[in-house]
>>> print(open('protein06.cif').read())   # mmCIF, C-alpha atoms (C1' of nucleotides)
data_query
#
loop_
_atom_site.label_atom_id
_atom_site.label_comp_id
_atom_site.auth_asym_id
_atom_site.auth_seq_id
_atom_site.Cartn_x
_atom_site.Cartn_y
_atom_site.Cartn_z
CA MET R 1 53.64 92.68 -166.02
CA GLU R 2 53.12 92.35 -169.76
CA LYS R 3 49.98 90.37 -170.52
CA GLU R 4 49.65 88.87 -173.97
CA GLN R 5 47.35 86.35 -175.55
CA VAL R 6 48.87 84.47 -178.46
CA GLY R 7 46.60 81.87 -179.98
CA THR R 8 45.43 79.62 -177.16
CA ILE R 9 48.22 80.64 -174.81
CA ARG R 10 48.28 83.43 -172.26
CA PHE R 11 51.62 85.00 -171.43
CA GLN R 12 52.70 87.24 -168.58
CA ILE R 13 56.23 88.39 -169.15
CA ASP R 14 58.32 90.52 -166.79
CA PHE R 15 62.03 91.03 -166.21
CA SER R 16 62.46 89.08 -162.99
CA GLN R 17 63.67 86.00 -164.84
CA PRO R 18 65.25 85.15 -168.19
CA LEU R 19 62.74 85.66 -171.01
CA TYR R 20 63.31 82.27 -172.62
CA GLU R 21 62.66 80.66 -169.24
CA GLN R 22 59.35 82.44 -168.77
CA VAL R 23 58.18 81.46 -172.24
CA LEU R 24 59.27 77.89 -171.57
CA ASP R 25 57.51 77.66 -168.20
CA GLN R 26 54.29 79.19 -169.41
CA VAL R 27 54.00 77.00 -172.48
CA ARG R 28 54.85 73.95 -170.37
CA SER R 29 52.08 74.93 -167.99
CA SER R 30 49.55 75.47 -170.77
CA ILE R 31 50.25 72.03 -172.18
CA ALA R 32 50.33 70.31 -168.78
CA LYS R 33 46.96 71.81 -167.85
CA GLY R 34 45.49 71.00 -171.24
CA GLU R 35 44.81 74.63 -172.08
CA ILE R 36 46.42 73.88 -175.43
CA GLY R 37 45.00 70.75 -176.99
CA LEU R 38 47.11 67.77 -178.02
CA GLY R 39 48.29 68.04 -181.60
CA GLU R 40 47.45 71.71 -181.75
CA LYS R 41 49.64 74.05 -183.78
CA MET R 42 51.90 76.40 -181.83
CA PRO R 43 52.57 79.98 -182.86
CA SER R 44 55.57 80.23 -185.16
CA VAL R 45 58.86 81.39 -183.70
CA ARG R 46 58.68 84.70 -185.55
CA GLU R 47 55.05 85.33 -184.71
CA LEU R 48 55.48 84.68 -181.01
CA ALA R 49 58.63 86.76 -180.95
CA GLN R 50 56.82 89.69 -182.50
CA ASP R 51 53.78 89.42 -180.23
CA LEU R 52 55.89 89.12 -177.08
CA LYS R 53 58.25 91.84 -178.34
CA MET R 54 61.35 89.72 -178.07
CA ASN R 55 64.01 88.30 -180.35
CA PRO R 56 63.29 85.18 -182.45
CA ASN R 57 66.45 83.60 -181.08
CA THR R 58 65.08 83.93 -177.56
CA VAL R 59 61.84 82.21 -178.49
CA MET R 60 63.82 79.56 -180.36
CA ARG R 61 65.68 78.71 -177.20
CA ALA R 62 62.41 78.03 -175.40
CA TYR R 63 61.03 76.01 -178.31
CA GLN R 64 64.08 73.77 -178.48
CA GLU R 65 63.79 72.99 -174.81
CA LEU R 66 60.11 72.16 -175.28
CA GLU R 67 61.05 69.59 -177.86
CA ARG R 68 63.66 68.10 -175.53
CA ASP R 69 60.84 67.85 -172.98
CA GLY R 70 58.90 65.75 -175.48
CA LEU R 71 56.03 68.22 -175.38
CA THR R 72 56.29 69.46 -178.96
CA GLU R 73 57.25 68.19 -182.40
CA LYS R 74 58.74 70.11 -185.27
CA ARG R 75 57.71 69.51 -188.87
CA ARG R 76 60.20 70.91 -191.33
CA GLY R 77 58.85 73.87 -193.21
CA GLN R 78 55.49 73.60 -191.48
CA GLY R 79 55.78 74.59 -187.88
CA THR R 80 55.72 73.43 -184.29
CA TYR R 81 52.94 71.25 -182.91
CA VAL R 82 52.00 70.08 -179.44
CA THR R 83 52.62 66.37 -179.10
CA SER R 84 49.62 64.12 -179.77
CA SER R 85 50.70 61.69 -177.09
CA PRO R 86 48.95 61.97 -173.71
CA GLU R 87 51.63 59.69 -172.27
CA ARG R 88 54.35 62.16 -173.10
CA VAL R 89 52.53 64.90 -171.28
CA HIS R 90 51.93 62.62 -168.33
CA ILE R 91 55.56 61.58 -168.13
CA PHE R 92 56.68 65.15 -168.37
CA ARG R 93 54.36 66.24 -165.59
CA ARG R 94 55.49 63.41 -163.35
CA ASP R 95 59.19 64.05 -163.94
CA LEU R 96 59.04 67.78 -163.47
CA ALA R 97 56.88 67.39 -160.37
CA ALA R 98 59.47 65.02 -158.92
CA GLN R 99 62.18 67.54 -159.65
CA TYR R 100 60.26 70.39 -158.01
CA ILE R 101 59.47 68.24 -155.02
CA ASN R 102 63.06 67.17 -154.49
CA ALA R 103 64.19 70.78 -154.48
CA PHE R 104 61.36 71.79 -152.20
CA VAL R 105 61.91 69.02 -149.67
CA ALA R 106 65.60 69.87 -149.59
CA GLN R 107 64.67 73.47 -148.77
CA MET R 108 62.32 72.38 -146.01
CA GLU R 109 64.90 70.05 -144.53
CA SER R 110 67.50 72.81 -144.62
CA LEU R 111 65.17 74.74 -142.32
CA GLY R 112 64.86 71.74 -140.03
CA LEU R 113 61.17 71.16 -140.75
CA THR R 114 59.55 67.72 -140.47
CA GLU R 115 57.12 66.05 -142.86
CA ASP R 116 54.20 66.85 -140.57
CA ASP R 117 55.17 70.52 -140.54
CA VAL R 118 55.29 70.52 -144.30
CA GLN R 119 51.97 68.70 -144.80
CA GLU R 120 50.26 71.16 -142.49
CA TYR R 121 51.81 74.18 -144.21
CA ILE R 122 50.83 72.87 -147.62
CA HIS R 123 47.29 72.25 -146.46
CA GLN R 124 46.97 75.78 -145.11
CA ARG R 125 48.43 77.22 -148.25
CA PHE R 126 46.00 75.40 -150.53
CA ILE R 127 43.07 76.53 -148.42
CA ALA R 128 44.31 80.10 -148.54
CA GLY R 129 44.65 79.85 -152.31
CA LYS R 130 40.99 78.91 -152.81
CA GLY R 131 38.92 81.41 -154.75
CA GLU R 132 41.90 83.47 -155.79
CA HIS R 133 41.40 83.66 -159.52
CA GLU R 134 42.59 86.28 -161.98
CA LYS R 135 43.66 88.67 -159.27
CA MET Y 1 81.95 69.49 -154.65
CA GLU Y 2 84.27 71.32 -152.30
CA LYS Y 3 83.77 70.23 -148.70
CA GLU Y 4 85.04 72.53 -145.99
CA GLN Y 5 84.56 72.74 -142.26
CA VAL Y 6 84.93 76.21 -140.82
CA GLY Y 7 84.37 76.41 -137.08
CA THR Y 8 80.99 74.84 -136.37
CA ILE Y 9 79.80 75.16 -139.96
CA ARG Y 10 80.10 72.69 -142.78
CA PHE Y 11 80.24 74.04 -146.33
CA GLN Y 12 79.80 72.34 -149.68
CA ILE Y 13 80.55 74.80 -152.42
CA ASP Y 14 80.25 74.17 -156.15
CA PHE Y 15 79.76 76.38 -159.19
CA SER Y 16 76.12 75.65 -159.96
CA GLN Y 17 74.93 78.74 -158.13
CA PRO Y 18 76.34 82.10 -157.10
CA LEU Y 19 78.92 81.67 -154.35
CA TYR Y 20 77.47 84.31 -152.05
CA GLU Y 21 74.10 82.54 -152.31
CA GLN Y 22 75.54 79.16 -151.33
CA VAL Y 23 77.30 80.65 -148.34
CA LEU Y 24 74.11 82.45 -147.36
CA ASP Y 25 71.92 79.36 -147.67
CA GLN Y 26 74.28 77.10 -145.79
CA VAL Y 27 74.79 79.48 -142.89
CA ARG Y 28 71.04 80.09 -142.74
CA SER Y 29 70.51 76.35 -142.58
CA SER Y 30 73.12 75.87 -139.86
CA ILE Y 31 71.46 78.52 -137.72
CA ALA Y 32 67.91 77.31 -138.42
CA LYS Y 33 68.82 73.76 -137.45
CA GLY Y 34 70.70 74.91 -134.38
CA GLU Y 35 74.01 73.49 -135.57
CA ILE Y 36 75.51 76.83 -134.62
CA GLY Y 37 74.46 77.89 -131.15
CA LEU Y 38 72.71 81.17 -130.40
CA GLY Y 39 75.16 83.96 -129.62
CA GLU Y 40 78.06 81.99 -131.06
CA LYS Y 41 80.84 83.82 -132.89
CA MET Y 42 80.94 83.48 -136.65
CA PRO Y 43 84.16 83.14 -138.63
CA SER Y 44 85.47 86.55 -139.70
CA VAL Y 45 84.87 87.68 -143.26
CA ARG Y 46 88.54 87.29 -144.16
CA GLU Y 47 88.94 83.93 -142.46
CA LEU Y 48 85.91 82.40 -144.15
CA ALA Y 49 86.96 83.86 -147.49
CA GLN Y 50 90.38 82.29 -147.17
CA ASP Y 51 89.08 78.89 -146.06
CA LEU Y 52 86.46 78.76 -148.82
CA LYS Y 53 88.95 80.15 -151.34
CA MET Y 54 86.81 83.07 -152.34
CA ASN Y 55 86.96 86.85 -152.23
CA PRO Y 56 86.18 88.70 -148.97
CA ASN Y 57 83.69 90.84 -150.87
CA THR Y 58 81.73 87.74 -151.80
CA VAL Y 59 81.58 86.56 -148.20
CA MET Y 60 80.63 90.10 -147.15
CA ARG Y 61 77.63 89.99 -149.41
CA ALA Y 62 76.36 86.85 -147.72
CA TYR Y 63 77.04 88.27 -144.25
CA GLN Y 64 75.12 91.45 -144.94
CA GLU Y 65 72.12 89.46 -146.08
CA LEU Y 66 72.33 87.38 -142.92
CA GLU Y 67 72.08 90.51 -140.84
CA ARG Y 68 69.07 91.69 -142.84
CA ASP Y 69 67.55 88.28 -142.06
CA GLY Y 70 67.94 89.10 -138.37
CA LEU Y 71 70.08 86.00 -137.90
CA THR Y 72 73.36 87.73 -137.05
CA GLU Y 73 74.62 90.86 -135.34
CA LYS Y 74 77.77 92.82 -136.04
CA ARG Y 75 79.90 94.36 -133.28
CA ARG Y 76 82.23 97.02 -134.57
CA GLY Y 77 85.83 95.94 -134.46
CA GLN Y 78 84.91 92.60 -132.88
CA GLY Y 79 83.16 90.41 -135.36
CA THR Y 80 79.91 88.79 -136.37
CA TYR Y 81 77.76 86.83 -133.92
CA VAL Y 82 74.71 84.64 -134.29
CA THR Y 83 71.68 86.35 -132.76
CA SER Y 84 70.90 85.41 -129.15
CA SER Y 85 67.17 85.62 -129.80
CA PRO Y 86 65.34 82.32 -130.41
CA GLU Y 87 62.33 84.35 -131.61
CA ARG Y 88 64.35 85.85 -134.44
CA VAL Y 89 65.35 82.42 -135.64
CA HIS Y 90 61.78 81.22 -135.35
CA ILE Y 91 60.40 84.15 -137.30
CA PHE Y 92 63.02 83.72 -139.96
CA ARG Y 93 62.24 80.04 -140.36
CA ARG Y 94 58.51 80.68 -140.59
CA ASP Y 95 58.89 83.49 -143.15
CA LEU Y 96 61.32 81.65 -145.38
CA ALA Y 97 59.24 78.49 -145.20
CA ALA Y 98 56.19 80.46 -146.31
CA GLN Y 99 58.17 81.89 -149.20
CA TYR Y 100 59.41 78.47 -150.31
CA ILE Y 101 55.93 77.02 -150.01
CA ASN Y 102 54.31 79.76 -152.06
CA ALA Y 103 56.79 79.22 -154.86
CA PHE Y 104 56.37 75.45 -154.64
CA VAL Y 105 52.58 75.48 -154.66
CA ALA Y 106 52.66 77.81 -157.65
CA GLN Y 107 54.88 75.30 -159.44
CA MET Y 108 52.54 72.43 -158.61
CA GLU Y 109 49.51 74.38 -159.75
CA SER Y 110 51.26 75.27 -162.99
CA LEU Y 111 51.43 71.52 -163.63
CA GLY Y 112 47.73 71.16 -162.85
CA LEU Y 113 48.29 69.08 -159.70
CA THR Y 114 45.81 69.04 -156.82
CA GLU Y 115 46.51 69.24 -153.10
CA ASP Y 116 45.98 65.49 -152.73
CA ASP Y 117 48.50 64.81 -155.46
CA VAL Y 118 51.01 67.02 -153.72
CA GLN Y 119 50.47 65.56 -150.24
CA GLU Y 120 50.92 62.07 -151.63
CA TYR Y 121 54.09 63.02 -153.52
CA ILE Y 122 55.53 64.73 -150.45
CA HIS Y 123 54.78 61.70 -148.31
CA GLN Y 124 56.50 59.37 -150.78
CA ARG Y 125 59.45 61.69 -151.00
CA PHE Y 126 59.97 61.88 -147.26
CA ILE Y 127 59.78 58.10 -146.98
CA ALA Y 128 62.30 57.75 -149.77
CA GLY Y 129 64.60 60.19 -148.01
CA LYS Y 130 64.76 58.08 -144.83
CA GLY Y 131 68.14 56.61 -143.99
CA GLU Y 132 69.99 58.63 -146.59
CA HIS Y 133 72.68 60.25 -144.49
CA GLU Y 134 76.15 61.40 -145.45
CA LYS Y 135 75.98 59.84 -148.87
"C1'" DA H 1 58.47 78.03 -210.72
"C1'" DT H 2 57.75 81.44 -207.35
"C1'" DA H 3 56.60 83.62 -203.07
"C1'" DG H 4 56.00 83.34 -198.46
"C1'" DG H 5 55.96 80.91 -194.36
"C1'" DT H 6 58.38 77.32 -191.53
"C1'" DG H 7 62.70 76.03 -188.19
"C1'" DT H 8 67.64 76.77 -187.83
"C1'" DA H 9 72.42 78.67 -187.78
"C1'" DT H 10 75.89 82.27 -187.53
"C1'" DT H 11 78.19 86.46 -186.28
"C1'" DA H 12 78.49 90.57 -183.84
"C1'" DT H 13 77.26 93.53 -180.16
"C1'" DA H 14 75.43 95.07 -175.65
"C1'" DT H 15 74.13 94.60 -170.94
"C1'" DC H 16 74.08 92.82 -166.47
"C1'" DA H 17 75.18 89.76 -162.43
"C1'" DC H 18 78.84 87.74 -160.33
"C1'" DT H 19 83.52 87.50 -158.89
"C1'" DT H 20 88.15 88.79 -158.05
"C1'" DA H 21 91.88 92.01 -156.87
"C1'" DA H 22 94.02 95.70 -154.57
"C1'" DT H 23 93.52 99.27 -151.32
"C1'" DA H 24 91.95 102.06 -147.70
"C1'" DC H 25 89.47 103.47 -143.44
"C1'" DA H 26 87.32 103.41 -138.69
"C1'" DC H 27 86.75 100.63 -134.90
"C1'" DT H 28 88.10 97.33 -130.97
"C1'" DT H 29 91.13 94.53 -128.27
"C1'" DA H 30 95.48 92.77 -126.45
"C1'" DT K 1 101.01 100.22 -131.04
"C1'" DA K 2 99.84 96.13 -133.62
"C1'" DA K 3 96.64 93.01 -135.22
"C1'" DG K 4 92.12 91.73 -136.15
"C1'" DT K 5 87.28 93.31 -136.89
"C1'" DG K 6 83.51 95.06 -140.64
"C1'" DT K 7 83.12 98.17 -144.52
"C1'" DA K 8 83.80 100.89 -148.84
"C1'" DT K 9 85.78 101.89 -153.30
"C1'" DT K 10 87.64 101.25 -157.82
"C1'" DA K 11 88.99 98.43 -161.56
"C1'" DA K 12 88.86 94.46 -164.24
"C1'" DG K 13 87.33 89.92 -166.13
"C1'" DT K 14 83.88 86.30 -167.15
"C1'" DG K 15 79.61 84.24 -168.50
"C1'" DA K 16 74.59 84.24 -169.23
"C1'" DT K 17 71.12 86.65 -171.48
"C1'" DA K 18 69.30 89.21 -175.22
"C1'" DT K 19 69.18 91.73 -179.49
"C1'" DA K 20 70.18 92.59 -184.42
"C1'" DA K 21 71.09 91.38 -189.01
"C1'" DT K 22 71.60 87.72 -192.25
"C1'" DA K 23 71.40 83.48 -194.46
"C1'" DC K 24 69.92 78.72 -195.56
"C1'" DA K 25 66.99 74.54 -196.37
"C1'" DC K 26 62.50 72.99 -196.13
"C1'" DC K 27 57.39 72.94 -197.15
"C1'" DT K 28 53.01 74.69 -199.16
"C1'" DA K 29 49.90 77.32 -201.81
"C1'" DT K 30 49.53 80.18 -205.71
#
>>> encode(input="protein06.cif", output="structure tokens")
Amino acid sequence: MEKEQVGTIRFQIDFSQPLYEQVLDQVRSSIAKGEIGLGEKMPSVRELAQDLKMNPNTVMRAYQELERDGLTEKRRGQGTYVTSSPERVHIFRRDLAAQYINAFVAQMESLGLTEDDVQEYIHQRFIAGKGEHEK
Amino acid sequence: MEKEQVGTIRFQIDFSQPLYEQVLDQVRSSIAKGEIGLGEKMPSVRELAQDLKMNPNTVMRAYQELERDGLTEKRRGQGTYVTSSPERVHIFRRDLAAQYINAFVAQMESLGLTEDDVQEYIHQRFIAGKGEHEK
DNA sequence: ATAGGTGTATTATATCACTTAATACACTTA
DNA sequence: TAAGTGTATTAAGTGATATAATACACCTAT
């Protein structure tokens, strides 16, 4: 697993998934968790591409999706900035969470599991995940 | 969405995901929910391929994965049968559920959500899903 | 004005996963 | 023997992903 720190953002890139998708997910996560501050300047397309050893077009694809998410804003000739609106981040988090949950519940139902089963599993899983940091 | 009934199994095939994966998931679900009985005979590779309008090789790929799951057994020259072992089905359901949950919890944590957030969301989602049948 | 940094667009090329098609073989049952 | 099983092989086509090489319009600092 490639581990790279670019500005405020930590990246772990591998080849299990499309590169643009990994960049997208990890920047989304950094913004959602507040690891990158609101209004902060993002690395330029070329800079990030060079640091992550990938093509500028690939990074571009992730950046365009971030703007569609409402998480970033482009300023012509200047660069890309994290949105200054806490609401935008909140809305994004809520929407994506809903999307993840729908998919997850569908998976659970396809296995014939009930809500109680799921709640219990989730609880166990969160307990198990305690204290696991930077493994 | 293509809707096909083949023997005891209902299929809904589209082009959003790999075909072999959709076949795999839907047969897994049918077995996990007990919609196909233990020991029951599966449609032959060629028959299912014809009914679902896809290539036998594609169906084969799904069938081989099903056997690796421990959900089916092949009898040379005869056909493919659902396993007669309830334990196998149980183990499969538990393992796959754990896998789904790990991925899901990772997604939730990447959005900075806590266990309480998740439990509440799940609860709401299950309530919302009540009464939605055969839409 | 110029140089260098922004995001963006285009064209070409390469690779890989997925899918289909056409056969062929060994096995089992009627 | 004939028909139906799973399986294997080879060839071909398609689309998503990624890279490479350029080019352009915009902004800012020198």
>>> resolve_selection(input="protein06.cif", expression="the PyMOL selection byres ((chain Y and resi 9-11) around 10)", output="PyMOL selection string")
chain Y and resi 1-8+12-14+22-23+25-27+29-31+35-36+42-43+52
>>> interface_residues(input="protein06.cif", of="chain Y", to="chain K", cutoff="10 Å", atoms="only C-alpha atoms (C1' of nucleotides)", output="PyMOL selection string")
chain Y and resi 44-46+57+60+74-80
>>> atom_distance(input="protein06.cif", atom1="CA of Asn55 (chain R)", atom2="CA of Ala103 (chain Y)")
28.0 Å
>>> resolve_selection(input="protein06.cif", expression="the PyMOL selection byres ((chain H) within 9 of (chain Y))", output="ChimeraX atom specification")
/H:18-21,26-29
>>> calpha_fit_and_write(input="protein06.cif", fixed="chain R", moving="chain Y", output="short mmCIF file (atom, residue, chain, number, x, y, z; two decimals) with C-alpha atoms, in the frame of the given file")
data_model
loop_
_atom_site.label_atom_id
_atom_site.label_comp_id
_atom_site.auth_asym_id
_atom_site.auth_seq_id
_atom_site.Cartn_x
_atom_site.Cartn_y
_atom_site.Cartn_z
CA MET Y 1 53.62 92.70 -166.00
CA GLU Y 2 53.07 92.36 -169.72
CA LYS Y 3 49.93 90.38 -170.50
CA GLU Y 4 49.63 88.89 -173.96
CA GLN Y 5 47.35 86.35 -175.55
CA VAL Y 6 48.87 84.47 -178.45
CA GLY Y 7 46.58 81.87 -179.98
CA THR Y 8 45.41 79.61 -177.17
CA ILE Y 9 48.21 80.65 -174.83
CA ARG Y 10 48.25 83.41 -172.28
CA PHE Y 11 51.60 85.00 -171.42
CA GLN Y 12 52.66 87.23 -168.56
CA ILE Y 13 56.19 88.38 -169.13
CA ASP Y 14 58.27 90.51 -166.78
CA PHE Y 15 61.99 91.02 -166.23
CA SER Y 16 62.45 89.08 -163.00
CA GLN Y 17 63.64 85.98 -164.83
CA PRO Y 18 65.22 85.14 -168.16
CA LEU Y 19 62.72 85.63 -170.98
CA TYR Y 20 63.30 82.25 -172.60
CA GLU Y 21 62.63 80.62 -169.22
CA GLN Y 22 59.31 82.42 -168.75
CA VAL Y 23 58.16 81.44 -172.21
CA LEU Y 24 59.25 77.87 -171.55
CA ASP Y 25 57.49 77.64 -168.19
CA GLN Y 26 54.26 79.17 -169.41
CA VAL Y 27 53.99 76.98 -172.49
CA ARG Y 28 54.84 73.93 -170.39
CA SER Y 29 52.07 74.89 -168.00
CA SER Y 30 49.55 75.44 -170.79
CA ILE Y 31 50.27 72.00 -172.20
CA ALA Y 32 50.33 70.28 -168.80
CA LYS Y 33 46.96 71.76 -167.88
CA GLY Y 34 45.50 70.95 -171.26
CA GLU Y 35 44.82 74.59 -172.11
CA ILE Y 36 46.42 73.86 -175.46
CA GLY Y 37 45.01 70.72 -177.02
CA LEU Y 38 47.14 67.76 -178.06
CA GLY Y 39 48.32 68.03 -181.65
CA GLU Y 40 47.46 71.71 -181.79
CA LYS Y 41 49.66 74.07 -183.81
CA MET Y 42 51.91 76.40 -181.87
CA PRO Y 43 52.56 80.00 -182.89
CA SER Y 44 55.60 80.24 -185.18
CA VAL Y 45 58.89 81.38 -183.70
CA ARG Y 46 58.72 84.72 -185.51
CA GLU Y 47 55.07 85.34 -184.70
CA LEU Y 48 55.49 84.68 -180.99
CA ALA Y 49 58.65 86.77 -180.91
CA GLN Y 50 56.84 89.69 -182.47
CA ASP Y 51 53.78 89.42 -180.22
CA LEU Y 52 55.89 89.12 -177.06
CA LYS Y 53 58.26 91.83 -178.30
CA MET Y 54 61.34 89.71 -178.03
CA ASN Y 55 64.01 88.30 -180.31
CA PRO Y 56 63.28 85.17 -182.40
CA ASN Y 57 66.45 83.60 -181.02
CA THR Y 58 65.07 83.90 -177.51
CA VAL Y 59 61.82 82.21 -178.48
CA MET Y 60 63.83 79.56 -180.34
CA ARG Y 61 65.66 78.69 -177.18
CA ALA Y 62 62.40 78.02 -175.37
CA TYR Y 63 61.02 76.00 -178.30
CA GLN Y 64 64.06 73.77 -178.47
CA GLU Y 65 63.77 72.99 -174.79
CA LEU Y 66 60.11 72.16 -175.28
CA GLU Y 67 61.04 69.60 -177.87
CA ARG Y 68 63.64 68.08 -175.56
CA ASP Y 69 60.83 67.84 -172.99
CA GLY Y 70 58.90 65.72 -175.49
CA LEU Y 71 56.04 68.21 -175.40
CA THR Y 72 56.30 69.46 -178.99
CA GLU Y 73 57.27 68.20 -182.42
CA LYS Y 74 58.75 70.14 -185.31
CA ARG Y 75 57.74 69.54 -188.93
CA ARG Y 76 60.24 70.94 -191.38
CA GLY Y 77 58.90 73.92 -193.24
CA GLN Y 78 55.52 73.65 -191.50
CA GLY Y 79 55.82 74.62 -187.89
CA THR Y 80 55.74 73.44 -184.31
CA TYR Y 81 52.96 71.25 -182.94
CA VAL Y 82 52.01 70.07 -179.48
CA THR Y 83 52.64 66.34 -179.15
CA SER Y 84 49.64 64.09 -179.83
CA SER Y 85 50.72 61.66 -177.14
CA PRO Y 86 48.96 61.94 -173.75
CA GLU Y 87 51.65 59.64 -172.30
CA ARG Y 88 54.37 62.14 -173.14
CA VAL Y 89 52.54 64.87 -171.30
CA HIS Y 90 51.94 62.56 -168.37
CA ILE Y 91 55.57 61.53 -168.15
CA PHE Y 92 56.69 65.11 -168.39
CA ARG Y 93 54.38 66.18 -165.60
CA ARG Y 94 55.49 63.35 -163.35
CA ASP Y 95 59.21 63.99 -163.95
CA LEU Y 96 59.04 67.73 -163.47
CA ALA Y 97 56.89 67.33 -160.38
CA ALA Y 98 59.47 64.97 -158.91
CA GLN Y 99 62.19 67.50 -159.65
CA TYR Y 100 60.27 70.35 -158.02
CA ILE Y 101 59.47 68.20 -155.02
CA ASN Y 102 63.06 67.12 -154.49
CA ALA Y 103 64.22 70.72 -154.50
CA PHE Y 104 61.37 71.75 -152.20
CA VAL Y 105 61.91 68.98 -149.66
CA ALA Y 106 65.60 69.83 -149.59
CA GLN Y 107 64.68 73.43 -148.80
CA MET Y 108 62.33 72.36 -146.01
CA GLU Y 109 64.93 70.04 -144.53
CA SER Y 110 67.51 72.81 -144.65
CA LEU Y 111 65.18 74.74 -142.34
CA GLY Y 112 64.89 71.74 -140.03
CA LEU Y 113 61.18 71.17 -140.75
CA THR Y 114 59.55 67.75 -140.45
CA GLU Y 115 57.12 66.08 -142.82
CA ASP Y 116 54.20 66.93 -140.53
CA ASP Y 117 55.20 70.57 -140.52
CA VAL Y 118 55.31 70.57 -144.29
CA GLN Y 119 51.98 68.77 -144.78
CA GLU Y 120 50.31 71.23 -142.45
CA TYR Y 121 51.84 74.24 -144.20
CA ILE Y 122 50.85 72.90 -147.61
CA HIS Y 123 47.30 72.31 -146.43
CA GLN Y 124 47.02 75.86 -145.08
CA ARG Y 125 48.47 77.24 -148.26
CA PHE Y 126 46.04 75.43 -150.52
CA ILE Y 127 43.11 76.59 -148.39
CA ALA Y 128 44.39 80.14 -148.54
CA GLY Y 129 44.69 79.88 -152.31
CA LYS Y 130 41.00 79.02 -152.76
CA GLY Y 131 38.91 81.57 -154.60
CA GLU Y 132 41.88 83.61 -155.73
CA HIS Y 133 41.30 83.76 -159.46
CA GLU Y 134 42.32 86.39 -161.98
CA LYS Y 135 43.49 88.80 -159.34
#
>>> atom_distance(input="protein06.cif", atom1="CA of Glu109 (chain Y)", atom2="CA of Leu66 (chain R)")
18.9 Å
>>> resolve_selection(input="protein06.cif", expression="the PyMOL selection byres ((chain R) within 12 of (chain Y))", output="PyMOL selection string")
chain R and resi 25-35+89-130
>>> write_last_selection(input="protein06.cif", atoms="C-alpha atoms", output="short mmCIF file (atom, residue, chain, number, x, y, z; two decimals), in the frame of the given file")
data_model
loop_
_atom_site.label_atom_id
_atom_site.label_comp_id
_atom_site.auth_asym_id
_atom_site.auth_seq_id
_atom_site.Cartn_x
_atom_site.Cartn_y
_atom_site.Cartn_z
CA ASP R 25 57.51 77.66 -168.20
CA GLN R 26 54.29 79.19 -169.41
CA VAL R 27 54.00 77.00 -172.48
CA ARG R 28 54.85 73.95 -170.37
CA SER R 29 52.08 74.93 -167.99
CA SER R 30 49.55 75.47 -170.77
CA ILE R 31 50.25 72.03 -172.18
CA ALA R 32 50.33 70.31 -168.78
CA LYS R 33 46.96 71.81 -167.85
CA GLY R 34 45.49 71.00 -171.24
CA GLU R 35 44.81 74.63 -172.08
CA VAL R 89 52.53 64.90 -171.28
CA HIS R 90 51.93 62.62 -168.33
CA ILE R 91 55.56 61.58 -168.13
CA PHE R 92 56.68 65.15 -168.37
CA ARG R 93 54.36 66.24 -165.59
CA ARG R 94 55.49 63.41 -163.35
CA ASP R 95 59.19 64.05 -163.94
CA LEU R 96 59.04 67.78 -163.47
CA ALA R 97 56.88 67.39 -160.37
CA ALA R 98 59.47 65.02 -158.92
CA GLN R 99 62.18 67.54 -159.65
CA TYR R 100 60.26 70.39 -158.01
CA ILE R 101 59.47 68.24 -155.02
CA ASN R 102 63.06 67.17 -154.49
CA ALA R 103 64.19 70.78 -154.48
CA PHE R 104 61.36 71.79 -152.20
CA VAL R 105 61.91 69.02 -149.67
CA ALA R 106 65.60 69.87 -149.59
CA GLN R 107 64.67 73.47 -148.77
CA MET R 108 62.32 72.38 -146.01
CA GLU R 109 64.90 70.05 -144.53
CA SER R 110 67.50 72.81 -144.62
CA LEU R 111 65.17 74.74 -142.32
CA GLY R 112 64.86 71.74 -140.03
CA LEU R 113 61.17 71.16 -140.75
CA THR R 114 59.55 67.72 -140.47
CA GLU R 115 57.12 66.05 -142.86
CA ASP R 116 54.20 66.85 -140.57
CA ASP R 117 55.17 70.52 -140.54
CA VAL R 118 55.29 70.52 -144.30
CA GLN R 119 51.97 68.70 -144.80
CA GLU R 120 50.26 71.16 -142.49
CA TYR R 121 51.81 74.18 -144.21
CA ILE R 122 50.83 72.87 -147.62
CA HIS R 123 47.29 72.25 -146.46
CA GLN R 124 46.97 75.78 -145.11
CA ARG R 125 48.43 77.22 -148.25
CA PHE R 126 46.00 75.40 -150.53
CA ILE R 127 43.07 76.53 -148.42
CA ALA R 128 44.31 80.10 -148.54
CA GLY R 129 44.65 79.85 -152.31
CA LYS R 130 40.99 78.91 -152.81
#
